[in-house]
>>> print(open('final12.cif').read())   # mmCIF, C-alpha atoms (C1' of nucleotides)
data_target
#
loop_
_atom_site.label_atom_id
_atom_site.label_comp_id
_atom_site.auth_asym_id
_atom_site.auth_seq_id
_atom_site.Cartn_x
_atom_site.Cartn_y
_atom_site.Cartn_z
CA MET J 7 3.62 108.21 -22.32
CA GLN J 8 0.02 107.25 -22.84
CA ARG J 9 -1.00 103.66 -23.12
CA LYS J 10 -0.04 102.78 -26.64
CA HIS J 11 -1.90 100.47 -28.90
CA GLY J 12 -0.64 96.97 -28.71
CA SER J 13 -3.11 94.77 -26.96
CA ALA J 14 -4.58 93.24 -30.09
CA ILE J 15 -2.92 89.86 -29.77
CA SER J 16 -3.86 89.47 -26.15
CA LEU J 17 -7.42 90.58 -26.90
CA VAL J 18 -7.67 88.20 -29.81
CA GLY J 19 -6.75 85.28 -27.59
CA ARG J 20 -9.30 86.25 -24.99
CA ILE J 21 -12.04 86.87 -27.52
CA HIS J 22 -11.37 83.50 -29.07
CA GLU J 23 -11.71 81.78 -25.73
CA ALA J 24 -14.76 83.76 -24.68
CA ALA J 25 -16.55 83.16 -27.97
CA ASP J 26 -15.78 79.45 -27.79
CA ARG J 27 -17.18 79.24 -24.31
CA TRP J 28 -20.30 81.08 -25.38
CA LEU J 29 -20.73 78.75 -28.32
CA VAL J 30 -20.31 75.63 -26.25
CA GLY J 31 -22.98 76.92 -23.89
CA GLU J 32 -25.39 77.66 -26.71
CA LEU J 33 -24.83 74.27 -28.28
CA LYS J 34 -25.47 72.59 -24.98
CA ALA J 35 -28.60 74.67 -24.46
CA ALA J 36 -29.77 73.54 -27.90
CA GLY J 37 -29.49 69.90 -26.84
CA MET J 38 -26.01 69.32 -28.23
CA GLU J 39 -24.05 68.73 -25.10
CA GLY J 40 -20.49 67.84 -25.90
CA VAL J 41 -20.59 69.43 -29.33
CA VAL J 42 -17.76 71.87 -29.70
CA PRO J 43 -17.09 74.69 -32.17
CA SER J 44 -14.99 72.49 -34.42
CA HIS J 45 -17.90 70.08 -34.68
CA GLY J 46 -19.93 73.08 -35.72
CA ASP J 47 -17.52 73.79 -38.55
CA ILE J 48 -17.86 70.21 -39.70
CA LEU J 49 -21.64 70.34 -39.62
CA SER J 50 -21.69 73.73 -41.27
CA LEU J 51 -20.01 72.39 -44.37
CA LEU J 52 -22.38 69.45 -44.47
CA PHE J 53 -25.38 71.73 -44.18
CA SER J 54 -24.23 73.69 -47.18
CA ARG J 55 -22.78 70.89 -49.30
CA GLY J 56 -24.70 67.77 -48.33
CA GLU J 57 -21.62 65.58 -48.32
CA ALA J 58 -17.90 66.03 -47.99
CA THR J 59 -14.70 64.04 -47.69
CA MET J 60 -12.63 64.06 -44.53
CA HIS J 61 -10.11 66.12 -46.40
CA GLU J 62 -12.64 68.80 -47.28
CA LEU J 63 -13.99 68.85 -43.76
CA ALA J 64 -10.51 69.29 -42.34
CA ALA J 65 -9.81 72.20 -44.66
CA HIS J 66 -13.08 73.90 -43.88
CA ALA J 67 -12.65 73.53 -40.12
CA HIS J 68 -8.97 74.52 -40.26
CA ARG J 69 -8.05 71.38 -38.38
CA THR J 70 -5.59 68.61 -39.16
CA LYS J 71 -6.71 65.30 -40.55
CA PRO J 72 -6.18 63.35 -37.35
CA THR J 73 -8.26 65.88 -35.47
CA THR J 74 -10.95 65.67 -38.11
CA THR J 75 -11.01 61.90 -37.73
CA ILE J 76 -11.77 62.30 -34.04
CA LEU J 77 -14.34 65.03 -34.63
CA VAL J 78 -16.23 62.92 -37.14
CA ASP J 79 -15.93 59.87 -34.88
CA LYS J 80 -17.84 61.76 -32.24
CA LEU J 81 -20.49 63.13 -34.56
CA GLU J 82 -20.97 59.60 -35.85
CA ALA J 83 -21.21 58.22 -32.33
CA MET J 84 -23.85 60.86 -31.62
CA GLY J 85 -25.76 59.68 -34.67
CA LEU J 86 -25.52 63.03 -36.46
CA VAL J 87 -23.49 61.92 -39.48
CA ARG J 88 -22.48 58.69 -41.14
CA ARG J 89 -19.42 57.65 -43.07
CA GLU J 90 -19.61 56.05 -46.45
CA ARG J 91 -16.88 54.78 -48.71
CA SER J 92 -16.60 56.73 -51.90
CA GLY J 93 -17.28 54.73 -55.04
CA GLU J 94 -15.07 56.88 -57.20
CA ASP J 95 -12.04 56.78 -54.96
CA ALA J 96 -11.78 53.86 -52.59
CA ARG J 97 -9.41 55.83 -50.36
CA ALA J 98 -11.91 58.57 -49.73
CA THR J 99 -14.61 58.64 -47.11
CA LEU J 100 -17.78 60.58 -47.71
CA VAL J 101 -19.45 62.04 -44.67
CA ARG J 102 -23.14 62.79 -44.78
CA LEU J 103 -25.76 64.05 -42.36
CA THR J 104 -28.24 61.61 -40.91
CA PRO J 105 -31.84 62.75 -40.50
CA LYS J 106 -30.99 63.41 -36.87
CA GLY J 107 -28.13 65.63 -37.96
CA GLU J 108 -30.25 67.34 -40.58
CA ALA J 109 -32.77 68.16 -37.88
CA LEU J 110 -30.20 70.40 -36.21
CA ARG J 111 -30.04 72.77 -39.14
CA PRO J 112 -32.42 75.39 -37.75
CA ALA J 113 -30.84 75.39 -34.30
CA PHE J 114 -27.48 75.86 -35.94
CA ALA J 115 -28.65 78.70 -38.09
CA SER J 116 -30.01 80.40 -35.03
CA ILE J 117 -26.79 80.04 -33.09
CA SER J 118 -24.74 81.34 -36.03
CA ARG J 119 -26.97 84.33 -36.39
CA ARG J 120 -26.83 85.13 -32.71
CA LEU J 121 -23.08 84.65 -32.63
CA LEU J 122 -22.58 87.34 -35.23
CA ALA J 123 -25.16 89.65 -33.74
CA ARG J 124 -23.45 89.41 -30.40
CA ALA J 125 -19.96 89.80 -31.78
CA TYR J 126 -20.66 92.97 -33.73
CA ALA J 127 -23.05 94.47 -31.23
CA GLY J 128 -22.31 98.14 -30.62
CA LEU J 129 -20.31 98.61 -33.81
CA SER J 130 -21.52 100.66 -36.74
CA SER J 131 -21.52 99.05 -40.13
CA ALA J 132 -18.42 101.04 -41.06
CA GLU J 133 -16.66 100.02 -37.88
CA ALA J 134 -17.54 96.40 -38.51
CA ASP J 135 -16.11 96.57 -42.00
CA ALA J 136 -12.95 98.22 -40.73
CA LEU J 137 -12.64 95.53 -38.07
CA ASP J 138 -12.93 92.72 -40.60
CA ALA J 139 -10.39 94.37 -42.84
CA ALA J 140 -7.94 94.89 -40.01
CA LEU J 141 -8.31 91.30 -38.86
CA GLU J 142 -7.67 90.02 -42.38
CA ARG J 143 -4.52 92.07 -42.30
CA LEU J 144 -3.41 90.66 -38.96
CA LEU J 145 -4.00 87.14 -40.14
CA ALA J 146 -1.97 87.80 -43.26
CA ASN J 147 0.79 89.29 -41.12
CA PHE J 148 1.12 86.00 -39.27
CA THR J 149 0.50 83.62 -42.10
CA PRO J 150 3.85 82.05 -42.93
CA LYS J 151 3.21 81.16 -46.55
CA PRO J 152 2.35 84.15 -48.69
CA THR J 153 -0.04 82.34 -50.95
CA THR J 154 -0.15 85.38 -53.23
CA ARG J 155 -3.68 84.43 -54.00
CA LYS J 156 -5.94 87.25 -54.98
CA HIS J 157 -9.16 87.74 -53.13
CA LYS J 158 -11.87 86.85 -55.56
CA GLU J 159 -14.66 87.66 -53.22
CA LYS J 160 -14.65 90.50 -50.83
CA MET H 26 -27.74 92.99 -48.84
CA GLN H 27 -24.08 93.11 -49.48
CA ARG H 28 -22.11 90.14 -48.40
CA LYS H 29 -19.52 90.10 -45.64
CA HIS H 30 -19.08 91.73 -42.36
CA GLY H 31 -19.27 88.62 -40.31
CA SER H 32 -16.02 86.76 -40.36
CA ALA H 33 -14.55 88.34 -37.26
CA ILE H 34 -14.96 85.34 -34.98
CA SER H 35 -13.49 82.95 -37.46
CA LEU H 36 -10.62 85.36 -38.13
CA VAL H 37 -10.00 85.84 -34.46
CA GLY H 38 -9.60 82.12 -33.97
CA ARG H 39 -7.19 81.81 -36.82
CA ILE H 40 -5.16 84.84 -35.80
CA HIS H 41 -4.89 83.45 -32.29
CA GLU H 42 -3.56 80.17 -33.56
CA ALA H 43 -1.21 81.75 -36.07
CA ALA H 44 0.21 84.19 -33.52
CA ASP H 45 0.72 81.38 -31.02
CA ARG H 46 2.58 79.33 -33.57
CA TRP H 47 4.76 82.28 -34.45
CA LEU H 48 5.52 82.91 -30.78
CA VAL H 49 6.42 79.30 -30.10
CA GLY H 50 8.82 79.44 -33.01
CA GLU H 51 10.45 82.63 -31.79
CA LEU H 52 10.80 81.30 -28.26
CA LYS H 53 12.41 78.17 -29.58
CA ALA H 54 14.75 80.21 -31.76
CA ALA H 55 15.73 82.19 -28.65
CA GLY H 56 16.77 78.99 -26.89
CA MET H 57 13.52 78.43 -25.04
CA GLU H 58 12.32 75.26 -26.65
CA GLY H 59 9.15 74.04 -25.02
CA VAL H 60 8.24 77.44 -23.65
CA VAL H 61 4.76 78.34 -24.69
CA PRO H 62 2.89 81.67 -24.76
CA SER H 63 1.31 81.06 -21.37
CA HIS H 64 4.75 80.62 -19.89
CA GLY H 65 5.55 83.96 -21.44
CA ASP H 66 2.63 85.55 -19.59
CA ILE H 67 3.95 84.11 -16.34
CA LEU H 68 7.45 85.39 -16.96
CA SER H 69 6.17 88.75 -18.10
CA LEU H 70 4.57 89.41 -14.74
CA LEU H 71 7.73 88.33 -12.95
CA PHE H 72 9.84 90.64 -15.10
CA SER H 73 7.70 93.57 -14.12
CA ARG H 74 6.93 92.68 -10.50
CA GLY H 75 9.84 90.61 -9.27
CA GLU H 76 7.69 88.15 -7.43
CA ALA H 77 4.10 86.97 -7.52
CA THR H 78 1.79 84.40 -5.96
CA MET H 79 0.30 81.57 -7.99
CA HIS H 80 -2.99 83.37 -7.76
CA GLU H 81 -1.60 86.57 -9.27
CA LEU H 82 0.17 84.66 -12.00
CA ALA H 83 -3.01 82.83 -12.89
CA ALA H 84 -4.95 86.08 -13.12
CA HIS H 85 -2.32 87.76 -15.25
CA ALA H 86 -2.05 84.84 -17.65
CA HIS H 87 -5.83 84.35 -17.78
CA ARG H 88 -5.41 80.71 -16.88
CA THR H 89 -6.95 78.58 -14.17
CA LYS H 90 -5.09 77.66 -11.05
CA PRO H 91 -4.49 74.04 -12.01
CA THR H 92 -3.04 75.18 -15.31
CA THR H 93 -0.84 77.71 -13.56
CA THR H 94 0.49 75.00 -11.26
CA ILE H 95 1.63 73.03 -14.29
CA LEU H 96 3.06 76.09 -16.02
CA VAL H 97 5.14 77.04 -13.00
CA ASP H 98 6.18 73.41 -12.51
CA LYS H 99 7.72 73.49 -15.94
CA LEU H 100 9.44 76.84 -15.53
CA GLU H 101 10.83 75.58 -12.25
CA ALA H 102 12.03 72.36 -13.87
CA MET H 103 13.75 74.49 -16.51
CA GLY H 104 15.45 76.43 -13.76
CA LEU H 105 13.89 79.76 -14.72
CA VAL H 106 11.91 80.38 -11.54
CA ARG H 107 11.74 79.08 -8.01
CA ARG H 108 8.95 78.68 -5.54
CA GLU H 109 9.13 79.98 -2.02
CA ARG H 110 6.66 79.77 0.81
CA SER H 111 5.27 83.11 1.84
CA GLY H 112 6.03 84.15 5.38
CA GLU H 113 2.95 86.30 5.74
CA ASP H 114 0.49 83.68 4.57
CA ALA H 115 1.58 80.09 4.90
CA ARG H 116 -0.91 79.04 2.24
CA ALA H 117 0.61 81.25 -0.41
CA THR H 118 3.52 80.45 -2.68
CA LEU H 119 5.77 83.18 -3.97
CA VAL H 120 7.32 82.64 -7.37
CA ARG H 121 10.52 84.44 -8.25
CA LEU H 122 12.93 84.51 -11.19
CA THR H 123 16.26 82.74 -10.87
CA PRO H 124 19.33 84.40 -12.40
CA LYS H 125 18.85 82.10 -15.37
CA GLY H 126 15.29 83.34 -15.74
CA GLU H 127 16.35 86.94 -15.29
CA ALA H 128 18.82 86.47 -18.12
CA LEU H 129 15.96 85.95 -20.53
CA ARG H 130 14.62 89.44 -20.04
CA PRO H 131 16.22 90.99 -23.14
CA ALA H 132 15.23 88.11 -25.41
CA PHE H 133 11.70 88.41 -24.13
CA ALA H 134 11.57 92.12 -24.70
CA SER H 135 12.75 91.62 -28.24
CA ILE H 136 10.12 89.00 -28.99
CA SER H 137 7.37 91.16 -27.51
CA ARG H 138 8.43 94.10 -29.57
CA ARG H 139 8.57 92.09 -32.76
CA LEU H 140 5.24 90.47 -32.02
CA LEU H 141 3.53 93.84 -31.92
CA ALA H 142 5.41 95.19 -34.91
CA ARG H 143 4.34 92.20 -36.93
CA ALA H 144 0.76 92.25 -35.75
CA TYR H 145 0.12 95.88 -36.58
CA ALA H 146 2.21 95.95 -39.74
CA GLY H 147 0.40 97.70 -42.55
CA LEU H 148 -2.05 99.53 -40.31
CA SER H 149 -1.98 103.26 -39.75
CA SER H 150 -1.90 104.50 -36.20
CA ALA H 151 -5.57 105.44 -36.47
CA GLU H 152 -6.46 102.02 -37.83
CA ALA H 153 -4.54 100.36 -35.04
CA ASP H 154 -6.40 102.38 -32.45
CA ALA H 155 -9.74 101.58 -34.07
CA LEU H 156 -8.80 97.90 -34.12
CA ASP H 157 -7.93 97.87 -30.44
CA ALA H 158 -11.17 99.65 -29.59
CA ALA H 159 -13.26 97.28 -31.67
CA LEU H 160 -11.59 94.25 -30.12
CA GLU H 161 -12.25 95.58 -26.63
CA ARG H 162 -15.86 95.86 -27.64
CA LEU H 163 -15.99 92.29 -28.95
CA LEU H 164 -14.45 90.97 -25.80
CA ALA H 165 -16.97 92.86 -23.71
CA ASN H 166 -19.76 91.50 -25.91
CA PHE H 167 -18.77 87.96 -24.97
CA THR H 168 -17.79 88.53 -21.39
CA PRO H 169 -20.50 87.29 -19.06
CA LYS H 170 -21.81 90.24 -17.15
CA PRO H 171 -19.74 90.53 -13.98
CA THR H 172 -21.79 93.49 -12.80
CA THR H 173 -25.27 92.54 -11.72
CA ARG H 174 -24.99 89.16 -10.21
CA LYS H 175 -28.59 89.22 -9.09
CA HIS H 176 -31.54 88.07 -11.12
CA LYS H 177 -31.10 88.89 -14.72
CA GLU H 178 -33.84 90.16 -16.93
CA LYS H 179 -33.71 90.10 -20.65
"C1'" DG S 30 2.69 45.68 -65.80
"C1'" DC S 31 5.47 47.62 -62.27
"C1'" DA S 32 8.21 50.74 -59.33
"C1'" DG S 33 8.05 54.86 -57.14
"C1'" DT S 34 5.42 58.49 -55.41
"C1'" DA S 35 1.41 60.97 -53.94
"C1'" DT S 36 -2.96 61.13 -51.49
"C1'" DA S 37 -6.91 59.67 -48.01
"C1'" DG S 38 -7.48 58.39 -43.71
"C1'" DT S 39 -6.37 56.26 -39.10
"C1'" DT S 40 -3.55 55.17 -34.96
"C1'" DA S 41 -0.32 56.36 -31.27
"C1'" DG S 42 1.68 59.42 -28.19
"C1'" DA S 43 2.33 63.98 -26.33
"C1'" DC S 44 0.84 68.44 -24.60
"C1'" DG S 45 -1.85 72.49 -22.87
"C1'" DA S 46 -5.92 73.44 -20.70
"C1'" DC S 47 -10.01 72.70 -17.82
"C1'" DG S 48 -13.42 71.27 -13.92
"C1'" DA S 49 -14.03 68.66 -9.79
"C1'" DA S 50 -12.37 67.19 -5.75
"C1'" DC S 51 -9.02 67.60 -2.32
"C1'" DC S 52 -5.74 69.40 1.53
"C1'" DA S 53 -4.00 73.01 4.29
"C1'" DA S 54 -4.00 77.52 6.30
"C1'" DT S 55 -6.74 81.66 7.36
"C1'" DG S 56 -10.75 84.43 8.58
"C1'" DT S 57 -15.23 84.99 10.95
"C1'" DC S 58 -18.35 85.18 14.59
"C1'" DA S 59 -21.32 83.67 18.14
"C1'" DT Y 1 -12.83 79.01 21.70
"C1'" DG Y 2 -14.31 76.39 18.37
"C1'" DA Y 3 -17.14 75.31 14.25
"C1'" DC Y 4 -17.75 76.76 9.66
"C1'" DA Y 5 -16.75 79.16 5.54
"C1'" DT Y 6 -13.10 81.00 2.55
"C1'" DT Y 7 -8.89 81.07 0.16
"C1'" DG Y 8 -4.27 79.28 -1.93
"C1'" DG Y 9 -2.56 75.42 -4.31
"C1'" DT Y 10 -2.23 70.73 -5.98
"C1'" DT Y 11 -3.91 66.19 -7.83
"C1'" DC Y 12 -6.73 63.56 -10.94
"C1'" DG Y 13 -9.13 62.55 -14.94
"C1'" DT Y 14 -10.58 64.18 -19.38
"C1'" DC Y 15 -10.79 66.80 -23.68
"C1'" DG Y 16 -9.24 68.90 -28.06
"C1'" DT Y 17 -5.40 69.37 -30.73
"C1'" DC Y 18 -1.03 68.41 -32.83
"C1'" DT Y 19 3.02 65.68 -35.08
"C1'" DA Y 20 4.85 61.42 -36.61
"C1'" DA Y 21 4.28 57.20 -38.36
"C1'" DC Y 22 1.42 53.79 -40.53
"C1'" DT Y 23 -2.00 51.41 -44.02
"C1'" DA Y 24 -4.32 51.39 -48.19
"C1'" DT Y 25 -5.55 53.07 -52.55
"C1'" DA Y 26 -4.51 55.81 -56.77
"C1'" DC Y 27 -1.52 57.93 -60.25
"C1'" DT Y 28 2.64 58.24 -63.45
"C1'" DG Y 29 6.30 57.05 -66.47
"C1'" DC Y 30 8.82 53.64 -68.45
#
>>> encode(input="final12.cif", output="structure tokens")
Amino acid sequence: MQRKHGSAISLVGRIHEAADRWLVGELKAAGMEGVVPSHGDILSLLFSRGEATMHELAAHAHRTKPTTTILVDKLEAMGLVRRERSGEDARATLVRLTPKGEALRPAFASISRRLLARAYAGLSSAEADALDAALERLLANFTPKPTTRKHKEK
Amino acid sequence: MQRKHGSAISLVGRIHEAADRWLVGELKAAGMEGVVPSHGDILSLLFSRGEATMHELAAHAHRTKPTTTILVDKLEAMGLVRRERSGEDARATLVRLTPKGEALRPAFASISRRLLARAYAGLSSAEADALDAALERLLANFTPKPTTRKHKEK
DNA sequence: GCAGTATAGTTAGACGACGAACCAATGTCA
DNA sequence: TGACATTGGTTCGTCGTCTAACTATACTGC
């Protein structure tokens, strides 16, 4: 009996951890010591949208609201973002980049680019596409709620 | 430039989390409330080897030694394993299954089997092989070079 | 208007994991 | 033989994350 396929889940866990470690190192090297991948997800939405509510940030980072509170607390303490009460809905908090946060945009873009380059290194374009498709499938296989939502963009 | 081909890292993180949640649920359903995937890695080595040192368990579970100490503490508190001082090397601790731990073997095998079935569901055998190969590649891409530990040149 | 419910966000407590520092036993070698 | 380095494990403090419970504001139907 040859070694059968079946290591995907274990590999996925290890890739996740290795990529996170790599990211933390790059962020630190770029002068963002203590910034962690989830902070990156927060910032990434702000870079593309300008402002966002805690709720939107949580959804984009795939983190819970309490976690998002803590993440934004830290970014605020680092002076990278600021909170602002929404005028339209007094319950909502709008988070926005400070100039200091905005200044990180290029470093972030560079790290993102290098992350992908490193991840897909050694794979042909076709292999990369097949990988993405297979991973989407795996995720769907483990996602409890079948949202039955069609992919609009693929 | 067509979009896409670049979500692998994000997907990997989400698959990892989703699979962990699924596993925790299955373990709980099998009467192992509070047992977590890393505990499963510990037990899995014991099922196949009979006994192991803390060091070996840590390596197999891809966890640090302090973490492994805590993991084994809990399994011991649950009565699933016991520690034993090694006769050959008084520094080493041998961990072994208790009868109660041994009794979990079939439930564990079932969960493992269903984990893989679920993960690879919807993929052909060729696709599954390609996925495994691509994931091995990704992991290698992020694994700090263990080979040349001398001066590195880029 | 107001009661009941839903939504935005925070606080509190728990847990898994890690790095640093530590102790104890073993190995090395002059 | 004895000093020093190495290895096996644990303790301590911290971090990121989660769930549950809480506050405050908004919405809805009568």
>>> resolve_selection(input="final12.cif", expression="the PyMOL selection byres ((chain J) within 8 of (chain S))", output="ChimeraX atom specification")
/J:60-61,71-72,75,97-99
>>> interface_residues(input="final12.cif", of="chain Y", to="chain J", cutoff="9 Å", atoms="only C-alpha atoms (C1' of nucleotides)", output="PyMOL selection string")
chain Y and resi 16-18+24-26
>>> calpha_fit_and_write(input="final12.cif", fixed="chain H", moving="chain J", output="CSV table (one decimal) with C-alpha atoms, in the coordinates of the input")
chain,number,residue,atom,x,y,z
J,7,MET,CA,-26.4,88.4,-52.3
J,8,GLN,CA,-22.9,89.7,-51.6
J,9,ARG,CA,-20.7,88.0,-49.1
J,10,LYS,CA,-22.1,89.1,-45.8
J,11,HIS,CA,-20.1,89.8,-42.8
J,12,GLY,CA,-19.8,86.8,-40.5
J,13,SER,CA,-16.3,85.4,-40.6
J,14,ALA,CA,-15.2,87.0,-37.4
J,15,ILE,CA,-15.3,83.8,-35.3
J,16,SER,CA,-13.4,81.8,-37.8
J,17,LEU,CA,-10.8,84.6,-38.3
J,18,VAL,CA,-10.4,84.9,-34.6
J,19,GLY,CA,-9.6,81.2,-34.3
J,20,ARG,CA,-7.1,81.4,-37.1
J,21,ILE,CA,-5.4,84.6,-35.8
J,22,HIS,CA,-5.1,83.0,-32.4
J,23,GLU,CA,-3.4,80.0,-33.8
J,24,ALA,CA,-1.1,82.0,-36.1
J,25,ALA,CA,-0.1,84.4,-33.4
J,26,ASP,CA,0.7,81.5,-31.0
J,27,ARG,CA,2.8,79.9,-33.6
J,28,TRP,CA,4.7,83.2,-34.3
J,29,LEU,CA,5.2,83.6,-30.6
J,30,VAL,CA,6.6,80.1,-30.1
J,31,GLY,CA,9.0,80.7,-32.9
J,32,GLU,CA,10.2,84.0,-31.5
J,33,LEU,CA,10.6,82.5,-28.0
J,34,LYS,CA,12.6,79.6,-29.5
J,35,ALA,CA,14.7,82.1,-31.5
J,36,ALA,CA,15.4,84.0,-28.2
J,37,GLY,CA,16.8,80.8,-26.6
J,38,MET,CA,13.6,79.7,-24.9
J,39,GLU,CA,12.8,76.6,-26.8
J,40,GLY,CA,9.8,74.9,-25.3
J,41,VAL,CA,8.5,78.1,-23.7
J,42,VAL,CA,4.9,78.6,-24.8
J,43,PRO,CA,2.6,81.7,-24.7
J,44,SER,CA,1.1,80.7,-21.4
J,45,HIS,CA,4.5,80.6,-19.9
J,46,GLY,CA,5.0,84.1,-21.2
J,47,ASP,CA,1.9,85.2,-19.4
J,48,ILE,CA,3.3,83.7,-16.2
J,49,LEU,CA,6.6,85.4,-16.6
J,50,SER,CA,5.0,88.7,-17.6
J,51,LEU,CA,3.2,88.9,-14.3
J,52,LEU,CA,6.5,88.1,-12.5
J,53,PHE,CA,8.3,90.8,-14.4
J,54,SER,CA,5.8,93.4,-13.3
J,55,ARG,CA,5.1,92.2,-9.8
J,56,GLY,CA,8.3,90.4,-8.6
J,57,GLU,CA,6.4,87.6,-7.0
J,58,ALA,CA,2.9,86.0,-7.2
J,59,THR,CA,0.9,83.1,-5.9
J,60,MET,CA,-0.2,80.3,-8.1
J,61,HIS,CA,-3.7,81.7,-7.9
J,62,GLU,CA,-2.6,85.1,-9.1
J,63,LEU,CA,-0.6,83.6,-11.9
J,64,ALA,CA,-3.6,81.4,-13.0
J,65,ALA,CA,-5.9,84.4,-13.1
J,66,HIS,CA,-3.4,86.5,-15.1
J,67,ALA,CA,-2.8,83.8,-17.6
J,68,HIS,CA,-6.5,82.9,-17.9
J,69,ARG,CA,-5.6,79.3,-17.2
J,70,THR,CA,-6.9,76.9,-14.6
J,71,LYS,CA,-5.0,76.0,-11.5
J,72,PRO,CA,-3.9,72.6,-12.6
J,73,THR,CA,-2.6,74.0,-15.8
J,74,THR,CA,-0.8,76.7,-13.9
J,75,THR,CA,0.8,74.0,-11.7
J,76,ILE,CA,2.2,72.3,-14.8
J,77,LEU,CA,3.3,75.6,-16.4
J,78,VAL,CA,5.2,76.6,-13.3
J,79,ASP,CA,6.7,73.1,-13.0
J,80,LYS,CA,8.3,73.6,-16.3
J,81,LEU,CA,9.6,77.1,-15.7
J,82,GLU,CA,11.0,75.8,-12.5
J,83,ALA,CA,12.6,72.8,-14.2
J,84,MET,CA,14.1,75.3,-16.7
J,85,GLY,CA,15.6,77.2,-13.8
J,86,LEU,CA,13.6,80.4,-14.6
J,87,VAL,CA,11.5,80.6,-11.4
J,88,ARG,CA,11.5,79.1,-8.0
J,89,ARG,CA,8.7,78.2,-5.6
J,90,GLU,CA,8.7,79.3,-2.0
J,91,ARG,CA,6.2,78.7,0.7
J,92,SER,CA,4.4,81.8,1.9
J,93,GLY,CA,5.1,82.7,5.5
J,94,GLU,CA,1.8,84.4,5.9
J,95,ASP,CA,-0.4,81.6,4.5
J,96,ALA,CA,1.1,78.2,4.7
J,97,ARG,CA,-1.3,77.0,1.9
J,98,ALA,CA,0.1,79.5,-0.6
J,99,THR,CA,3.1,79.2,-2.8
J,100,LEU,CA,5.0,82.2,-3.9
J,101,VAL,CA,6.7,82.1,-7.3
J,102,ARG,CA,9.6,84.3,-8.0
J,103,LEU,CA,12.1,84.8,-10.8
J,104,THR,CA,15.5,83.4,-10.5
J,105,PRO,CA,18.4,85.5,-11.9
J,106,LYS,CA,18.3,83.4,-15.0
J,107,GLY,CA,14.6,84.2,-15.4
J,108,GLU,CA,15.2,87.9,-14.7
J,109,ALA,CA,17.8,87.9,-17.4
J,110,LEU,CA,15.0,87.2,-19.9
J,111,ARG,CA,13.3,90.5,-19.3
J,112,PRO,CA,14.7,92.4,-22.2
J,113,ALA,CA,14.1,89.6,-24.7
J,114,PHE,CA,10.6,89.4,-23.5
J,115,ALA,CA,10.0,93.1,-23.8
J,116,SER,CA,11.3,92.9,-27.3
J,117,ILE,CA,9.0,90.1,-28.3
J,118,SER,CA,6.0,91.8,-26.8
J,119,ARG,CA,6.7,95.0,-28.6
J,120,ARG,CA,7.2,93.2,-31.9
J,121,LEU,CA,4.0,91.2,-31.4
J,122,LEU,CA,1.9,94.3,-31.1
J,123,ALA,CA,3.7,96.0,-33.9
J,124,ARG,CA,3.1,93.1,-36.2
J,125,ALA,CA,-0.5,92.6,-35.1
J,126,TYR,CA,-1.6,96.2,-35.7
J,127,ALA,CA,0.6,96.7,-38.8
J,128,GLY,CA,-1.4,98.4,-41.6
J,129,LEU,CA,-4.1,99.8,-39.3
J,130,SER,CA,-4.5,103.5,-38.5
J,131,SER,CA,-4.7,104.5,-34.9
J,132,ALA,CA,-8.4,105.0,-35.3
J,133,GLU,CA,-8.9,101.6,-36.9
J,134,ALA,CA,-6.8,100.0,-34.1
J,135,ASP,CA,-9.0,101.6,-31.5
J,136,ALA,CA,-12.1,100.5,-33.3
J,137,LEU,CA,-10.8,97.0,-33.5
J,138,ASP,CA,-10.0,96.8,-29.8
J,139,ALA,CA,-13.4,98.1,-28.9
J,140,ALA,CA,-15.2,95.6,-31.2
J,141,LEU,CA,-13.2,92.7,-29.8
J,142,GLU,CA,-14.1,93.8,-26.3
J,143,ARG,CA,-17.7,93.7,-27.4
J,144,LEU,CA,-17.3,90.2,-28.9
J,145,LEU,CA,-15.7,88.9,-25.8
J,146,ALA,CA,-18.5,90.3,-23.7
J,147,ASN,CA,-21.1,88.7,-26.1
J,148,PHE,CA,-19.6,85.3,-25.3
J,149,THR,CA,-18.8,85.8,-21.6
J,150,PRO,CA,-21.4,83.8,-19.7
J,151,LYS,CA,-21.4,85.7,-16.5
J,152,PRO,CA,-22.3,89.3,-16.9
J,153,THR,CA,-20.0,90.6,-14.2
J,154,THR,CA,-21.6,94.0,-14.4
J,155,ARG,CA,-18.3,95.4,-13.5
J,156,LYS,CA,-17.6,98.9,-14.8
J,157,HIS,CA,-14.4,99.5,-16.8
J,158,LYS,CA,-12.2,101.6,-14.6
J,159,GLU,CA,-9.5,102.0,-17.1
J,160,LYS,CA,-10.1,102.3,-20.7
>>> residues_around(input="final12.cif", residues="Glu133 (chain J)", least_positions_apart="4", cutoff="9 Å", atoms="only C-alpha atoms (C1' of nucleotides)", output="number ranges by chain")
J: 129, 137-138; H: 155-156, 159
>>> closest_residue(input="final12.cif", among="H:Arg139, H:Arg74, H:Arg39, H:Arg108", to="chain J", atoms="only C-alpha atoms")
H:Arg39
>>> interface_residues(input="final12.cif", of="chain J", to="chain H", cutoff="8 Å", atoms="only C-alpha atoms", output="ChimeraX atom specification")
/J:11-15,17-22,24-25,28,122,124-129,133-138,140-145,147-149,160
>>> resolve_selection(input="final12.cif", expression="the PyMOL selection byres ((chain H and resi 51-55) around 10)", output="ChimeraX atom specification")
/H:45-50,56-62,65,129,132-133,135-136,139-140
>>> resolve_selection(input="final12.cif", expression="the PyMOL selection byres ((chain H and resi 68) around 12)", output="count of residues only")
44
>>> atom_distance(input="final12.cif", atom1="CA of Gly93 (chain J)", atom2="C1' of DC22 (chain Y)")
23.7 Å
>>> atom_distance(input="final12.cif", atom1="CA of Gly104 (chain H)", atom2="C1' of DT14 (chain Y)")
29.3 Å
>>> atom_distance(input="final12.cif", atom1="CA of Asp98 (chain H)", atom2="C1' of DT11 (chain Y)")
13.3 Å
